[in-house]
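Working notes for the structure below.
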Amino acid sequence: MPEVCATCTSPGTRTNQGISCDGPCEKTFHFKCTKTPAAYQDIPAGTGLTWVCDKCKHGRNDSKLDKLLVSLASIQKDLKDVKTVQTEVFDSLNFYGGKIDDFGKRMDNFQKTINSVQGVQQDVQQLKKECENLRAEIESMHQQQRMENIEISGLPEKNNGNLKLIMQIKMNEKTESDMKLKRQLIEATDAVRQKFNTIKSNRTENLMSLEKIYEPITKPLNVISAATVAKLKIDNLPSVTETSIPVSINTSFIPLSASTPKYNSRSDTTEFYSPP
Ligand SMILES: [Zn+2]
Ligand SMILES: [Zn+2]
């Protein structure tokens, strides 16, 4: 396996020859890759001259330094991670900062609401107090009214009597008495209606029996009047009709004399009439 350049990892060639480090690394390098002046290539072997690479020359080529470099690289990587995390943390802080601002605003609004509610509570307390005052005033007015001019029959006045309660009781009593009165009125109306019906039927019966009683008188009278009419017709008396003659008893009971004047007027006409 041909040796490769420790810098560029390519093997050495005829045109690109190499040089071996006489330091602790003993690695091979291209002349070109070591930035060694070209004149060094012409130095023949066996002169006792040595060449060490840059790393070995500055004493940095030991395993502790390698380890340190590895550690440094790891630390750099960790630092990068830390920076990433830091950025994220900053983002989060900004985000939660905004949230906190929002929360602060909300708290301010909440405080304002609490203040206004307290104001309303004070108003309510004030109103309650005014309400109580008004109630007391009304109560005292009621009591005064009662003492001055309200008479409640059958109920002696007492100190601190509850007027409202008394009025309620009285109203109930009044309603009961109204109901009783209404019942009595209905009963009386029914009784009157029954009485009226009885009287009405009795009257009809009376009229019918009256007509029966007078029948022996009215019947012969009708016969007589009919005979009279017939006789007048025979005597050639004009314009005598039977319609004015019948005698009867109707519900208004017209007396017999009602038809008499007609007969008399005809009688006058009879006297005035001179037969040829
Ligand atoms: Zn090289
Ligand atoms: Zn070396």
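Identifiers in the structure tokens: chain A, B, ... in order shown; residue index from 1 per chain; ligand index from 1 in order shown.
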Long-range neighbours of Ala6 in chain A as number ranges by chain, 10 Å cut-off, only C-alpha atoms, 2 positions minimum in chain: A: 3-4, 8-11, 27-30, 33-34
Could you give me, as JSON lines, every chain A residue with an atom at most 6 Å from ligand 2, plus its closest atom pair and distance in Å to one decimal, counting only C-alpha atoms and all ligand atoms, rows ordered by chain then number?
{"residue": "A:Cys21", "atom": "CA", "partner": "ligand 2", "partner_atom_place_in_ligand_line": "1 (Zn)", "distance": 4.5}
{"residue": "A:Gly23", "atom": "CA", "partner": "ligand 2", "partner_atom_place_in_ligand_line": "1 (Zn)", "distance": 4.6}
{"residue": "A:Pro24", "atom": "CA", "partner": "ligand 2", "partner_atom_place_in_ligand_line": "1 (Zn)", "distance": 5.8}
{"residue": "A:Cys25", "atom": "CA", "partner": "ligand 2", "partner_atom_place_in_ligand_line": "1 (Zn)", "distance": 4.3}
{"residue": "A:Glu26", "atom": "CA", "partner": "ligand 2", "partner_atom_place_in_ligand_line": "1 (Zn)", "distance": 5.4}
{"residue": "A:Lys27", "atom": "CA", "partner": "ligand 2", "partner_atom_place_in_ligand_line": "1 (Zn)", "distance": 5.8}
{"residue": "A:Val52", "atom": "CA", "partner": "ligand 2", "partner_atom_place_in_ligand_line": "1 (Zn)", "distance": 5.1}
{"residue": "A:Cys53", "atom": "CA", "partner": "ligand 2", "partner_atom_place_in_ligand_line": "1 (Zn)", "distance": 4.1}
{"residue": "A:Lys55", "atom": "CA", "partner": "ligand 2", "partner_atom_place_in_ligand_line": "1 (Zn)", "distance": 6.0}
{"residue": "A:Cys56", "atom": "CA", "partner": "ligand 2", "partner_atom_place_in_ligand_line": "1 (Zn)", "distance": 4.5}
Length of the atom 1 (Zn, counted along the ligand's line) of ligand 1 to CA of Thr7 in chain A vector [Å]: 5.2 Å
DSSP-assigned alpha helix (DSSP H) among range 35-212 of chain A, expressed as a ChimeraX atom specification: /A:54-57,63-148,163-212
Range 137-142 of chain A surroundings by only C-alpha atoms, 9 Å radius, close-in-sequence under 6 positions cut, as an MDAnalysis selection string: chainID A and resid 162:164
Among the residues A:Trp51, A:Phe31, A:Phe95, A:Tyr214, the one that comes closest to ligand 1 [using only C-alpha atoms and all ligand atoms]: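 Result for the nearest residue to ligand 1: A:Phe31.
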Between CA of Ile19 in chain A and CA of Gly48 in chain A - distance in Å to one decimal: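 It comes out at 14.6 Å.
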